[in-house]
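run-v5.cif follows (mmCIF, C-alpha atoms):
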```
data_run
loop_
_atom_site.group_PDB
_atom_site.id
_atom_site.type_symbol
_atom_site.label_atom_id
_atom_site.label_comp_id
_atom_site.auth_asym_id
_atom_site.auth_seq_id
_atom_site.Cartn_x
_atom_site.Cartn_y
_atom_site.Cartn_z
ATOM 1 C CA MET A 1346 23.117 -1.232 7.154
ATOM 2 C CA PRO A 1347 24.008 -4.360 9.125
ATOM 3 C CA ALA A 1348 23.857 -7.774 7.502
ATOM 4 C CA SER A 1349 20.901 -8.683 9.713
ATOM 5 C CA THR A 1350 18.736 -5.907 8.249
ATOM 6 C CA PRO A 1351 15.501 -7.511 7.030
ATOM 7 C CA HIS A 1352 14.657 -7.502 3.354
ATOM 8 C CA ILE A 1353 11.256 -5.955 2.631
ATOM 9 C CA TYR A 1354 8.761 -7.629 0.295
ATOM 10 C CA THR A 1355 5.732 -5.610 -0.795
ATOM 11 C CA LEU A 1356 2.672 -7.481 -2.053
ATOM 12 C CA THR A 1357 0.319 -5.756 -4.493
ATOM 13 C CA GLY A 1358 -2.828 -7.823 -4.906
ATOM 14 C CA ASN A 1359 -4.549 -5.565 -7.442
ATOM 15 C CA LEU A 1360 -1.983 -4.193 -9.906
ATOM 16 C CA LEU A 1361 -2.929 -1.303 -12.216
ATOM 17 C CA ALA A 1362 -1.812 -0.574 -15.768
ATOM 18 C CA GLU A 1363 -2.368 3.169 -15.650
ATOM 19 C CA ARG A 1364 -2.304 5.884 -18.285
ATOM 20 C CA THR A 1365 -2.261 9.588 -17.521
ATOM 21 C CA LEU A 1366 -3.784 11.991 -20.055
ATOM 22 C CA GLU A 1367 -2.909 15.689 -19.876
ATOM 23 C CA PHE A 1368 -5.398 18.290 -21.160
ATOM 24 C CA SER A 1369 -5.380 22.082 -21.242
ATOM 25 C CA ARG A 1370 -8.976 21.719 -20.083
ATOM 26 C CA TRP A 1371 -11.565 18.950 -20.188
ATOM 27 C CA SER A 1372 -15.216 18.343 -19.440
ATOM 28 C CA PRO A 1373 -17.473 15.269 -19.681
ATOM 29 C CA GLY A 1374 -19.811 14.679 -22.614
ATOM 30 C CA LYS A 1375 -17.603 15.345 -25.619
ATOM 31 C CA THR A 1376 -14.556 14.041 -27.480
ATOM 32 C CA GLN A 1377 -11.321 15.650 -26.345
ATOM 33 C CA ARG A 1378 -7.732 15.262 -27.476
ATOM 34 C CA ALA A 1379 -4.973 15.049 -24.880
ATOM 35 C CA SER A 1380 -1.813 17.115 -25.192
ATOM 36 C CA ALA A 1381 0.353 14.431 -23.576
ATOM 37 C CA GLU A 1382 0.140 10.821 -22.438
ATOM 38 C CA SER A 1383 2.255 8.725 -20.084
ATOM 39 C CA PHE A 1384 2.171 5.185 -18.708
ATOM 40 C CA GLN A 1385 2.973 3.993 -15.217
ATOM 41 C CA VAL A 1386 2.287 0.983 -13.014
ATOM 42 C CA GLY A 1387 -0.039 1.661 -10.106
ATOM 43 C CA GLY A 1388 -0.935 -0.268 -7.001
ATOM 44 C CA LYS A 1389 -0.086 0.477 -3.379
ATOM 45 C CA GLY A 1390 2.718 -2.052 -3.094
ATOM 46 C CA ILE A 1391 4.415 -0.711 -6.220
ATOM 47 C CA ASN A 1392 4.231 2.809 -4.769
ATOM 48 C CA VAL A 1393 5.663 1.600 -1.458
ATOM 49 C CA SER A 1394 8.516 -0.198 -3.227
ATOM 50 C CA LYS A 1395 9.242 2.915 -5.281
ATOM 51 C CA MET A 1396 9.576 5.022 -2.129
ATOM 52 C CA LEU A 1397 11.575 2.351 -0.296
ATOM 53 C CA THR A 1398 14.071 2.318 -3.154
ATOM 54 C CA ARG A 1399 14.319 6.094 -2.992
ATOM 55 C CA LEU A 1400 15.050 5.762 0.731
ATOM 56 C CA GLY A 1401 17.835 3.307 -0.035
ATOM 57 C CA VAL A 1402 16.006 0.254 1.322
ATOM 58 C CA ALA A 1403 16.442 -3.119 -0.383
ATOM 59 C CA ASN A 1404 13.048 -4.481 -1.404
ATOM 60 C CA THR A 1405 11.218 -6.790 -3.785
ATOM 61 C CA ALA A 1406 7.807 -5.932 -5.225
ATOM 62 C CA LEU A 1407 5.482 -8.930 -5.561
ATOM 63 C CA CYS A 1408 2.499 -8.691 -7.905
ATOM 64 C CA PHE A 1409 0.100 -10.590 -10.154
ATOM 65 C CA THR A 1410 0.238 -9.864 -13.911
ATOM 66 C CA GLY A 1411 -1.860 -11.124 -16.807
ATOM 67 C CA GLY A 1412 -2.530 -10.488 -20.488
ATOM 68 C CA ALA A 1413 -1.228 -7.569 -22.548
ATOM 69 C CA PRO A 1414 -1.691 -5.037 -19.716
ATOM 70 C CA GLY A 1415 0.323 -7.275 -17.397
ATOM 71 C CA ALA A 1416 3.132 -7.615 -19.942
ATOM 72 C CA GLU A 1417 3.239 -3.827 -20.303
ATOM 73 C CA CYS A 1418 3.441 -3.503 -16.521
ATOM 74 C CA GLU A 1419 6.360 -5.942 -16.328
ATOM 75 C CA ALA A 1420 8.203 -4.083 -19.101
ATOM 76 C CA TRP A 1421 7.711 -0.776 -17.245
ATOM 77 C CA LEU A 1422 8.933 -2.267 -13.963
ATOM 78 C CA ARG A 1423 12.073 -3.596 -15.673
ATOM 79 C CA LYS A 1424 12.700 -0.278 -17.448
ATOM 80 C CA ASN A 1425 12.391 1.591 -14.147
ATOM 81 C CA ASN A 1426 14.769 -0.779 -12.340
ATOM 82 C CA PHE A 1427 12.296 -2.293 -9.896
ATOM 83 C CA ASN A 1428 13.348 -5.475 -8.157
ATOM 84 C CA PHE A 1429 10.146 -7.456 -8.630
ATOM 85 C CA HIS A 1430 8.653 -10.910 -8.926
ATOM 86 C CA ALA A 1431 5.425 -11.285 -10.918
ATOM 87 C CA PHE A 1432 3.064 -14.258 -10.650
ATOM 88 C CA ASP A 1433 1.387 -14.994 -13.958
ATOM 89 C CA THR A 1434 -2.401 -15.124 -13.982
ATOM 90 C CA ALA A 1435 -4.708 -15.797 -16.924
ATOM 91 C CA ARG A 1436 -6.873 -12.770 -16.192
ATOM 92 C CA PRO A 1437 -5.613 -9.503 -17.720
ATOM 93 C CA THR A 1438 -4.275 -6.921 -15.277
ATOM 94 C CA ARG A 1439 -6.771 -4.134 -14.581
ATOM 95 C CA THR A 1440 -6.390 -0.833 -16.391
ATOM 96 C CA GLY A 1441 -7.047 2.767 -15.388
ATOM 97 C CA THR A 1442 -6.832 6.325 -16.669
ATOM 98 C CA VAL A 1443 -5.844 9.495 -14.833
ATOM 99 C CA VAL A 1444 -7.068 12.786 -16.332
ATOM 100 C CA ARG A 1445 -5.276 16.031 -15.466
ATOM 101 C CA ALA A 1446 -5.803 19.651 -16.478
ATOM 102 C CA PRO A 1447 -4.492 22.875 -14.906
ATOM 103 C CA GLY A 1448 -6.886 24.296 -12.340
ATOM 104 C CA GLN A 1449 -9.171 21.254 -12.411
ATOM 105 C CA PRO A 1450 -9.380 18.373 -9.912
ATOM 106 C CA GLU A 1451 -7.421 15.292 -10.908
ATOM 107 C CA THR A 1452 -9.830 12.525 -11.958
ATOM 108 C CA THR A 1453 -9.074 8.804 -11.992
ATOM 109 C CA PHE A 1454 -11.061 6.109 -13.796
ATOM 110 C CA LEU A 1455 -10.362 2.549 -12.632
ATOM 111 C CA GLY A 1456 -11.275 -0.671 -14.390
ATOM 112 C CA PRO A 1457 -12.863 -3.559 -12.492
ATOM 113 C CA ASP A 1458 -10.800 -5.319 -9.844
ATOM 114 C CA VAL A 1459 -9.063 -8.472 -11.096
ATOM 115 C CA ILE A 1460 -9.022 -11.588 -8.924
ATOM 116 C CA PRO A 1461 -5.807 -13.606 -9.439
ATOM 117 C CA SER A 1462 -6.155 -17.215 -10.516
ATOM 118 C CA ARG A 1463 -5.696 -19.949 -7.911
ATOM 119 C CA ALA A 1464 -2.496 -21.057 -9.653
ATOM 120 C CA ALA A 1465 -1.026 -17.542 -9.335
ATOM 121 C CA ILE A 1466 -2.073 -17.319 -5.685
ATOM 122 C CA THR A 1467 -0.498 -20.705 -4.959
ATOM 123 C CA ALA A 1468 2.711 -19.630 -6.732
ATOM 124 C CA CYS A 1469 2.837 -16.534 -4.534
ATOM 125 C CA ALA A 1470 2.330 -18.650 -1.403
ATOM 126 C CA ASP A 1471 5.112 -21.024 -2.458
ATOM 127 C CA PHE A 1472 7.433 -18.063 -3.085
ATOM 128 C CA LEU A 1473 6.778 -16.649 0.376
ATOM 129 C CA ASP A 1474 7.413 -20.019 2.007
ATOM 130 C CA ALA A 1475 10.771 -20.239 0.184
ATOM 131 C CA GLN A 1476 12.103 -16.933 1.585
ATOM 132 C CA PRO A 1477 14.410 -16.841 4.626
ATOM 133 C CA ASP A 1478 13.124 -16.128 8.122
ATOM 134 C CA GLN A 1479 13.274 -12.707 9.810
ATOM 135 C CA ASN A 1480 12.280 -10.667 6.753
ATOM 136 C CA LEU A 1481 9.435 -8.187 6.399
ATOM 137 C CA LEU A 1482 6.279 -8.652 4.317
ATOM 138 C CA ALA A 1483 4.159 -5.552 3.637
ATOM 139 C CA ILE A 1484 0.595 -6.252 2.481
ATOM 140 C CA CYS A 1485 -0.442 -3.245 0.410
ATOM 141 C CA GLY A 1486 -3.877 -2.298 -0.898
ATOM 142 C CA SER A 1487 -6.833 -4.433 -1.879
ATOM 143 C CA LEU A 1488 -6.761 -8.198 -2.361
ATOM 144 C CA PRO A 1489 -9.781 -9.022 -4.555
ATOM 145 C CA GLY A 1490 -11.169 -12.467 -3.819
ATOM 146 C CA TRP A 1491 -9.469 -12.664 -0.415
ATOM 147 C CA ASP A 1492 -12.434 -14.365 1.258
ATOM 148 C CA THR A 1493 -12.646 -17.146 -1.382
ATOM 149 C CA ALA A 1494 -11.179 -20.632 -1.084
ATOM 150 C CA ASP A 1495 -8.631 -19.813 -3.809
ATOM 151 C CA PHE A 1496 -6.782 -17.667 -1.271
ATOM 152 C CA ASP A 1497 -6.408 -20.499 1.255
ATOM 153 C CA PRO A 1498 -2.757 -21.163 0.269
ATOM 154 C CA LEU A 1499 -1.789 -17.495 0.596
ATOM 155 C CA ARG A 1500 -3.556 -17.029 3.922
ATOM 156 C CA ALA A 1501 -1.712 -20.086 5.233
ATOM 157 C CA ALA A 1502 1.659 -18.832 3.930
ATOM 158 C CA ILE A 1503 1.134 -15.406 5.519
ATOM 159 C CA THR A 1504 0.193 -17.055 8.815
ATOM 160 C CA ARG A 1505 3.483 -18.947 8.699
ATOM 161 C CA TRP A 1506 5.356 -15.732 7.827
ATOM 162 C CA ILE A 1507 3.876 -14.001 10.901
ATOM 163 C CA GLU A 1508 5.427 -16.757 13.030
ATOM 164 C CA ARG A 1509 8.911 -16.467 11.471
ATOM 165 C CA GLY A 1510 9.186 -12.854 10.359
ATOM 166 C CA THR A 1511 7.401 -9.486 10.334
ATOM 167 C CA VAL A 1512 4.128 -8.561 8.650
ATOM 168 C CA ALA A 1513 2.888 -4.976 8.232
ATOM 169 C CA VAL A 1514 -0.485 -4.212 6.675
ATOM 170 C CA ASP A 1515 -2.128 -1.355 4.764
ATOM 171 C CA THR A 1516 -5.324 -2.870 3.383
ATOM 172 C CA TYR A 1517 -9.108 -2.730 3.726
ATOM 173 C CA GLY A 1518 -12.275 -4.782 3.419
ATOM 174 C CA PRO A 1519 -12.187 -8.538 4.168
ATOM 175 C CA PRO A 1520 -8.365 -8.699 4.357
ATOM 176 C CA LEU A 1521 -8.317 -5.929 6.975
ATOM 177 C CA ALA A 1522 -10.826 -7.782 9.144
ATOM 178 C CA TRP A 1523 -8.673 -10.921 8.875
ATOM 179 C CA PHE A 1524 -5.344 -9.224 9.648
ATOM 180 C CA ALA A 1525 -6.852 -7.338 12.607
ATOM 181 C CA GLN A 1526 -7.242 -10.744 14.262
ATOM 182 C CA LYS A 1527 -3.585 -11.708 13.736
ATOM 183 C CA PRO A 1528 -0.447 -10.697 15.701
ATOM 184 C CA VAL A 1529 0.930 -8.568 12.871
ATOM 185 C CA ALA A 1530 3.553 -5.942 13.687
ATOM 186 C CA LEU A 1531 1.677 -2.952 12.244
ATOM 187 C CA VAL A 1532 -1.711 -2.025 10.789
ATOM 188 C CA LYS A 1533 -1.811 1.289 8.911
ATOM 189 C CA ILE A 1534 -5.229 2.413 7.650
ATOM 190 C CA ASN A 1535 -7.261 5.580 7.185
ATOM 191 C CA ALA A 1536 -10.039 6.734 9.491
ATOM 192 C CA THR A 1537 -12.818 5.495 7.177
ATOM 193 C CA GLU A 1538 -11.324 2.005 7.071
ATOM 194 C CA PHE A 1539 -10.755 2.033 10.819
ATOM 195 C CA ARG A 1540 -14.420 2.775 11.429
ATOM 196 C CA THR A 1541 -15.377 -0.401 9.568
ATOM 197 C CA LEU A 1542 -13.702 -2.242 12.452
ATOM 198 C CA HIS A 1543 -14.954 -0.137 15.356
ATOM 199 C CA ASP A 1544 -17.832 1.995 16.608
ATOM 200 C CA ALA A 1545 -17.780 5.107 14.402
ATOM 201 C CA LEU A 1546 -19.654 7.134 17.021
ATOM 202 C CA GLN A 1547 -16.786 7.074 19.519
ATOM 203 C CA PRO A 1548 -13.887 9.581 19.379
ATOM 204 C CA LEU A 1549 -10.948 8.173 17.453
ATOM 205 C CA PRO A 1550 -8.505 8.154 20.422
ATOM 206 C CA LYS A 1551 -10.923 6.121 22.567
ATOM 207 C CA SER A 1552 -11.713 3.760 19.695
ATOM 208 C CA LEU A 1553 -8.039 3.293 18.917
ATOM 209 C CA ALA A 1554 -7.220 2.558 22.563
ATOM 210 C CA GLU A 1555 -9.928 -0.109 22.658
ATOM 211 C CA MET A 1556 -8.844 -1.605 19.325
ATOM 212 C CA THR A 1557 -5.205 -1.768 20.427
ATOM 213 C CA ALA A 1558 -6.257 -3.543 23.621
ATOM 214 C CA ARG A 1559 -8.444 -6.164 21.984
ATOM 215 C CA SER A 1560 -6.627 -6.831 18.685
ATOM 216 C CA PRO A 1561 -3.525 -9.050 18.552
ATOM 217 C CA ALA A 1562 -1.923 -6.495 16.186
ATOM 218 C CA ARG A 1563 0.971 -4.825 18.000
ATOM 219 C CA ALA A 1564 0.783 -1.301 16.549
ATOM 220 C CA TRP A 1565 -1.692 0.906 14.697
ATOM 221 C CA ILE A 1566 -1.538 4.033 12.544
ATOM 222 C CA VAL A 1567 -4.780 5.781 11.539
ATOM 223 C CA THR A 1568 -4.566 8.622 8.996
ATOM 224 C CA ASP A 1569 -7.303 11.109 8.159
ATOM 225 C CA GLY A 1570 -6.155 13.253 5.227
ATOM 226 C CA PRO A 1571 -4.827 16.604 6.495
ATOM 227 C CA GLN A 1572 -6.213 15.904 9.980
ATOM 228 C CA PRO A 1573 -3.979 14.618 12.807
ATOM 229 C CA VAL A 1574 -2.540 11.129 12.370
ATOM 230 C CA TRP A 1575 -3.096 8.849 15.366
ATOM 231 C CA SER A 1576 -0.899 5.982 16.458
ATOM 232 C CA ALA A 1577 -0.890 3.484 19.322
ATOM 233 C CA THR A 1578 0.934 0.334 20.420
ATOM 234 C CA LYS A 1579 0.428 -2.317 23.061
ATOM 235 C CA THR A 1580 2.549 -0.230 25.413
ATOM 236 C CA ASP A 1581 1.939 3.359 24.219
ATOM 237 C CA ALA A 1582 -1.419 5.120 24.532
ATOM 238 C CA PRO A 1583 -2.912 6.809 21.444
ATOM 239 C CA ALA A 1584 -1.105 9.986 20.416
ATOM 240 C CA SER A 1585 -1.440 12.247 17.414
ATOM 241 C CA ILE A 1586 0.806 14.248 15.090
ATOM 242 C CA THR A 1587 -0.521 16.938 12.741
ATOM 243 C CA PRO A 1588 0.793 16.715 9.150
ATOM 244 C CA PRO A 1589 2.526 19.763 7.666
ATOM 245 C CA ALA A 1590 0.186 22.161 5.848
ATOM 246 C CA ILE A 1591 0.694 22.105 2.068
ATOM 247 C CA LYS A 1592 -1.024 23.189 -1.137
ATOM 248 C CA GLU A 1593 -2.343 19.870 -2.390
ATOM 249 C CA VAL A 1594 -1.714 18.926 -6.014
ATOM 250 C CA SER A 1595 -2.445 15.181 -5.842
ATOM 251 C CA ALA A 1596 -2.908 13.140 -2.688
ATOM 252 C CA THR A 1597 -2.538 9.893 -4.658
ATOM 253 C CA GLY A 1598 0.179 7.708 -3.185
ATOM 254 C CA SER A 1599 0.846 9.908 -0.143
ATOM 255 C CA GLY A 1600 -0.298 7.160 2.218
ATOM 256 C CA ASP A 1601 2.075 4.769 0.444
ATOM 257 C CA VAL A 1602 4.979 7.197 0.844
ATOM 258 C CA LEU A 1603 4.139 7.438 4.552
ATOM 259 C CA PHE A 1604 3.924 3.646 4.882
ATOM 260 C CA ALA A 1605 7.306 3.147 3.181
ATOM 261 C CA SER A 1606 9.003 5.686 5.431
ATOM 262 C CA VAL A 1607 7.455 4.171 8.562
ATOM 263 C CA LEU A 1608 8.598 0.683 7.513
ATOM 264 C CA ARG A 1609 12.172 1.882 7.194
ATOM 265 C CA SER A 1610 12.232 3.889 10.431
ATOM 266 C CA LEU A 1611 10.325 1.393 12.570
ATOM 267 C CA PHE A 1612 11.759 -1.929 11.424
ATOM 268 C CA LEU A 1613 15.210 -1.041 10.046
ATOM 269 C CA ASP A 1614 16.255 2.018 12.065
ATOM 270 C CA ARG A 1615 14.392 0.669 15.136
ATOM 271 C CA VAL A 1616 12.986 4.022 16.267
ATOM 272 C CA SER A 1617 9.685 4.449 18.110
ATOM 273 C CA LEU A 1618 6.405 4.512 16.212
ATOM 274 C CA ARG A 1619 5.894 8.180 17.059
ATOM 275 C CA ASP A 1620 9.389 9.084 15.822
ATOM 276 C CA ALA A 1621 8.799 7.030 12.679
ATOM 277 C CA LEU A 1622 5.643 9.052 11.994
ATOM 278 C CA ALA A 1623 7.440 12.324 12.648
ATOM 279 C CA THR A 1624 9.915 11.370 9.919
ATOM 280 C CA ALA A 1625 7.277 10.072 7.503
ATOM 281 C CA LEU A 1626 4.672 12.852 7.614
ATOM 282 C CA PRO A 1627 6.774 15.569 5.928
ATOM 283 C CA LEU A 1628 7.530 13.127 3.101
ATOM 284 C CA ALA A 1629 3.853 12.246 2.662
ATOM 285 C CA ALA A 1630 2.956 15.962 2.649
ATOM 286 C CA ALA A 1631 5.641 16.703 0.051
ATOM 287 C CA ASN A 1632 4.225 13.918 -2.104
ATOM 288 C CA ALA A 1633 0.726 15.434 -1.933
ATOM 289 C CA ALA A 1634 2.181 18.752 -3.132
ATOM 290 C CA HIS A 1635 3.567 17.093 -6.282
ATOM 291 C CA PRO A 1636 1.725 15.434 -9.207
ATOM 292 C CA ALA A 1637 3.759 12.183 -9.370
ATOM 293 C CA ILE A 1638 4.165 9.503 -6.697
ATOM 294 C CA ALA A 1639 7.457 9.440 -4.752
ATOM 295 C CA GLU A 1640 9.070 11.902 -7.176
ATOM 296 C CA PHE A 1641 8.858 15.072 -5.088
ATOM 297 C CA PRO A 1642 12.037 17.177 -4.685
#
```
Would you write out, as structure tokens, the structure that this file holds?
Amino acid sequence: MPASTPHIYTLTGNLLAERTLEFSRWSPGKTQRASAESFQVGGKGINVSKMLTRLGVANTALCFTGGAPGAECEAWLRKNNFNFHAFDTARPTRTGTVVRAPGQPETTFLGPDVIPSRAAITACADFLDAQPDQNLLAICGSLPGWDTADFDPLRAAITRWIERGTVAVDTYGPPLAWFAQKPVALVKINATEFRTLHDALQPLPKSLAEMTARSPARAWIVTDGPQPVWSATKTDAPASITPPAIKEVSATGSGDVLFASVLRSLFLDRVSLRDALATALPLAAANAAHPAIAEFP
């Protein structure tokens, strides 16, 4: 890749210390003993960084870590050779448990969202301001506490980044509403999240055309599970691509795999948004046909 290739930073605002328990079979209401247990770090930005690394793209995962769960997350990230920068917060990182059994739906239990401390948020903002121009910042997943005053420094730093680099977004809730009013390079969301921004009664193509016209964001991707994925830009009308049909094992992280692939194709390889999606969708489908995230053959 040329020397001018942007470095990608992924920001995970709601990290997850996640354990997976494997059972031969399980049901609620009684004590059950797992046959196997594993630990992994969850969070959309971590998943995106994992897939970017697999695609050969230089990246740095940014996250907030706190307490014993946060320390375990940092140890796992180091062991798995992530390039990351963690901002210490006094509040322990949230925890979660994934339960799996053959022939039964995968079930995930998530602990409460954890809002980073103001000091951690300020440290993240200072880090972003210290990075060179012309790089790419990917905002991934939820950002608990986004609409509080504690996030003022980070909102200001991201606004400055938009002016001197590239920002791509895959988020929801208050952050999504905020980013939809900024000239970011890409917004990637699912159909449910999109409808929080627009009239849900209108057909998606018409809604997407109107959103692209009125929002400063330059490009949009709207996914809808196995249904067609729609995209649009300031210059290209809404168009759709149907994902490959697969036997789903776990859809977890498939949107993150898609986002990572689109980031590479769109901003590093400089292909069109439609071509970027055509490359990304088979990877996202392969991920959904495999139990782990970004580890499909």
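Excluding range 1517-1520 of chain A and any residue on its chain fewer than 5 positions from it, the residues at most 8 Å away by all atoms listed in the file are Gly1486, Ser1487, Leu1488, Trp1491, Asp1492, Ile1534 and Glu1538 of chain A.
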Using the file's own x, y and z axes, so that the box edges lie along x, y and z, what centre and edge lengths in Å (one decimal) does a box around every listed atom of range 1473-1477 of chain A get when 3 Å is added on each side? Give it as lines of an AutoDock Vina configuration file.
```
center_x = 10.6
center_y = -18.4
center_z = 2.4
size_x = 13.6
size_y = 9.6
size_z = 10.4
```
Please, which residues are within 7 Å of (3.2, -12.2, -15.6) by the file's coordinates, counting all atoms listed in the file, and could they come as a PDB file with C-alpha atoms, keeping the file's coordinate frame?
```pdb
ATOM      1  CA  PHE A1409       0.100 -10.590 -10.154  1.00  0.00           C
ATOM      2  CA  THR A1410       0.238  -9.864 -13.911  1.00  0.00           C
ATOM      3  CA  GLY A1411      -1.860 -11.124 -16.807  1.00  0.00           C
ATOM      4  CA  GLY A1415       0.323  -7.275 -17.397  1.00  0.00           C
ATOM      5  CA  ALA A1416       3.132  -7.615 -19.942  1.00  0.00           C
ATOM      6  CA  ALA A1431       5.425 -11.285 -10.918  1.00  0.00           C
ATOM      7  CA  PHE A1432       3.064 -14.258 -10.650  1.00  0.00           C
ATOM      8  CA  ASP A1433       1.387 -14.994 -13.958  1.00  0.00           C
ATOM      9  CA  THR A1434      -2.401 -15.124 -13.982  1.00  0.00           C
TER      10      THR A1434
END
```
Legend entry - the PyMOL selection byres ((chain A and resi 1356-1370) around 9) applied to the shown file, residues as a PyMOL selection string: chain A and resi 1354-1355+1371-1372+1377-1391+1405-1410+1414-1415+1417-1418+1438-1449+1453+1455-1456+1458-1461+1482-1489
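Pairwise distance (CA of Val1514 in chain A, CA of Lys1533 in chain A) equals 6.1 Å.
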Inset, instruction - Output the residue selection produced by the PyMOL selection byres ((chain A and resi 1526) around 8) on the file above, formatted as a ChimeraX atom specification. - result: /A:1522-1525,1527-1528,1560-1562
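CA of Val1607 in chain A lies 28.1 Å from CA of Thr1452 in chain A.
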Legend entry - Selection result of the PyMOL selection byres ((chain A and resi 1593) around 6) on this file, as a ChimeraX atom specification: /A:1591-1592,1594-1595,1633-1634
Taking C-alpha atoms for each residue, export the selection above as an mmCIF file, in the coordinates of the input.
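Everything below was put into result24.cif:
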```cif
data_model
loop_
_atom_site.group_PDB
_atom_site.id
_atom_site.type_symbol
_atom_site.label_atom_id
_atom_site.label_comp_id
_atom_site.auth_asym_id
_atom_site.auth_seq_id
_atom_site.Cartn_x
_atom_site.Cartn_y
_atom_site.Cartn_z
ATOM 1 C CA ILE A 1591 0.694 22.105 2.068
ATOM 2 C CA LYS A 1592 -1.024 23.189 -1.137
ATOM 3 C CA VAL A 1594 -1.714 18.926 -6.014
ATOM 4 C CA SER A 1595 -2.445 15.181 -5.842
ATOM 5 C CA ALA A 1633 0.726 15.434 -1.933
ATOM 6 C CA ALA A 1634 2.181 18.752 -3.132
#
```
Legend entry - CA of Thr1557 in chain A to CA of Lys1579 in chain A, straight-line distance in Å: 6.2 Å
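Here the question is which of A:Ala1564, A:Ala1596, A:Ile1466, A:Ala1501 gets nearest to Ala1582 in chain A using only C-alpha atoms, and that residue is A:Ala1564.
Residues lying within 8 Å of Gly1598 in chain A, counting only C-alpha atoms and ignoring same-chain neighbours fewer than 2 positions away, are A:Lys1389, A:Asn1392, A:Ala1596, A:Gly1600, A:Asp1601, A:Val1602, A:Asn1632, A:Ala1633, A:Ile1638, A:Ala1639.
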For the selection just defined, write its residues with C-alpha atoms to a file, as a short mmCIF file (atom, residue, chain, number, x, y, z; two decimals), in the coordinates of the input.
```cif
data_model
loop_
_atom_site.label_atom_id
_atom_site.label_comp_id
_atom_site.auth_asym_id
_atom_site.auth_seq_id
_atom_site.Cartn_x
_atom_site.Cartn_y
_atom_site.Cartn_z
CA LYS A 1389 -0.09 0.48 -3.38
CA ASN A 1392 4.23 2.81 -4.77
CA ALA A 1596 -2.91 13.14 -2.69
CA GLY A 1600 -0.30 7.16 2.22
CA ASP A 1601 2.08 4.77 0.44
CA VAL A 1602 4.98 7.20 0.84
CA ASN A 1632 4.22 13.92 -2.10
CA ALA A 1633 0.73 15.43 -1.93
CA ILE A 1638 4.16 9.50 -6.70
CA ALA A 1639 7.46 9.44 -4.75
#
```
Legend entry - Val1574 in chain A surroundings by only C-alpha atoms, 9 Å radius, close-in-sequence under 6 positions cut, as an MDAnalysis selection string: chainID A and resid 1535 1566:1568 1584:1588 1622 1626
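Minimum distance to Ser1349 in chain A across A:Leu1613, A:Leu1603, A:Ile1503, A:Leu1618 (counting all atoms listed in the file) occurs at A:Leu1613.
With all atoms listed in the file as the atoms that count, the residue of A:Pro1573, A:Arg1500, A:Thr1624, A:Ala1637 with the shortest distance to Thr1597 in chain A is A:Ala1637.
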Legend entry - Residue among A:Ala1502, A:Ala1468, A:Ala1403, A:Ala1494 lying closest to Phe1429 in chain A, counting only C-alpha atoms: A:Ala1403
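Of the residues listed (A:Trp1575, A:Trp1421, A:Trp1565, A:Phe1604), A:Trp1575 shows the shortest atom-to-atom separation from Leu1549 in chain A; distances use all atoms listed in the file.
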Inset, instruction - Give the answer as one residue: which of A:Ser1576, A:Ser1394, A:Thr1541, A:Ser1617 has the shortest atom-to-atom distance to Leu1422 in chain A, using all atoms listed in the file? - result: A:Ser1394
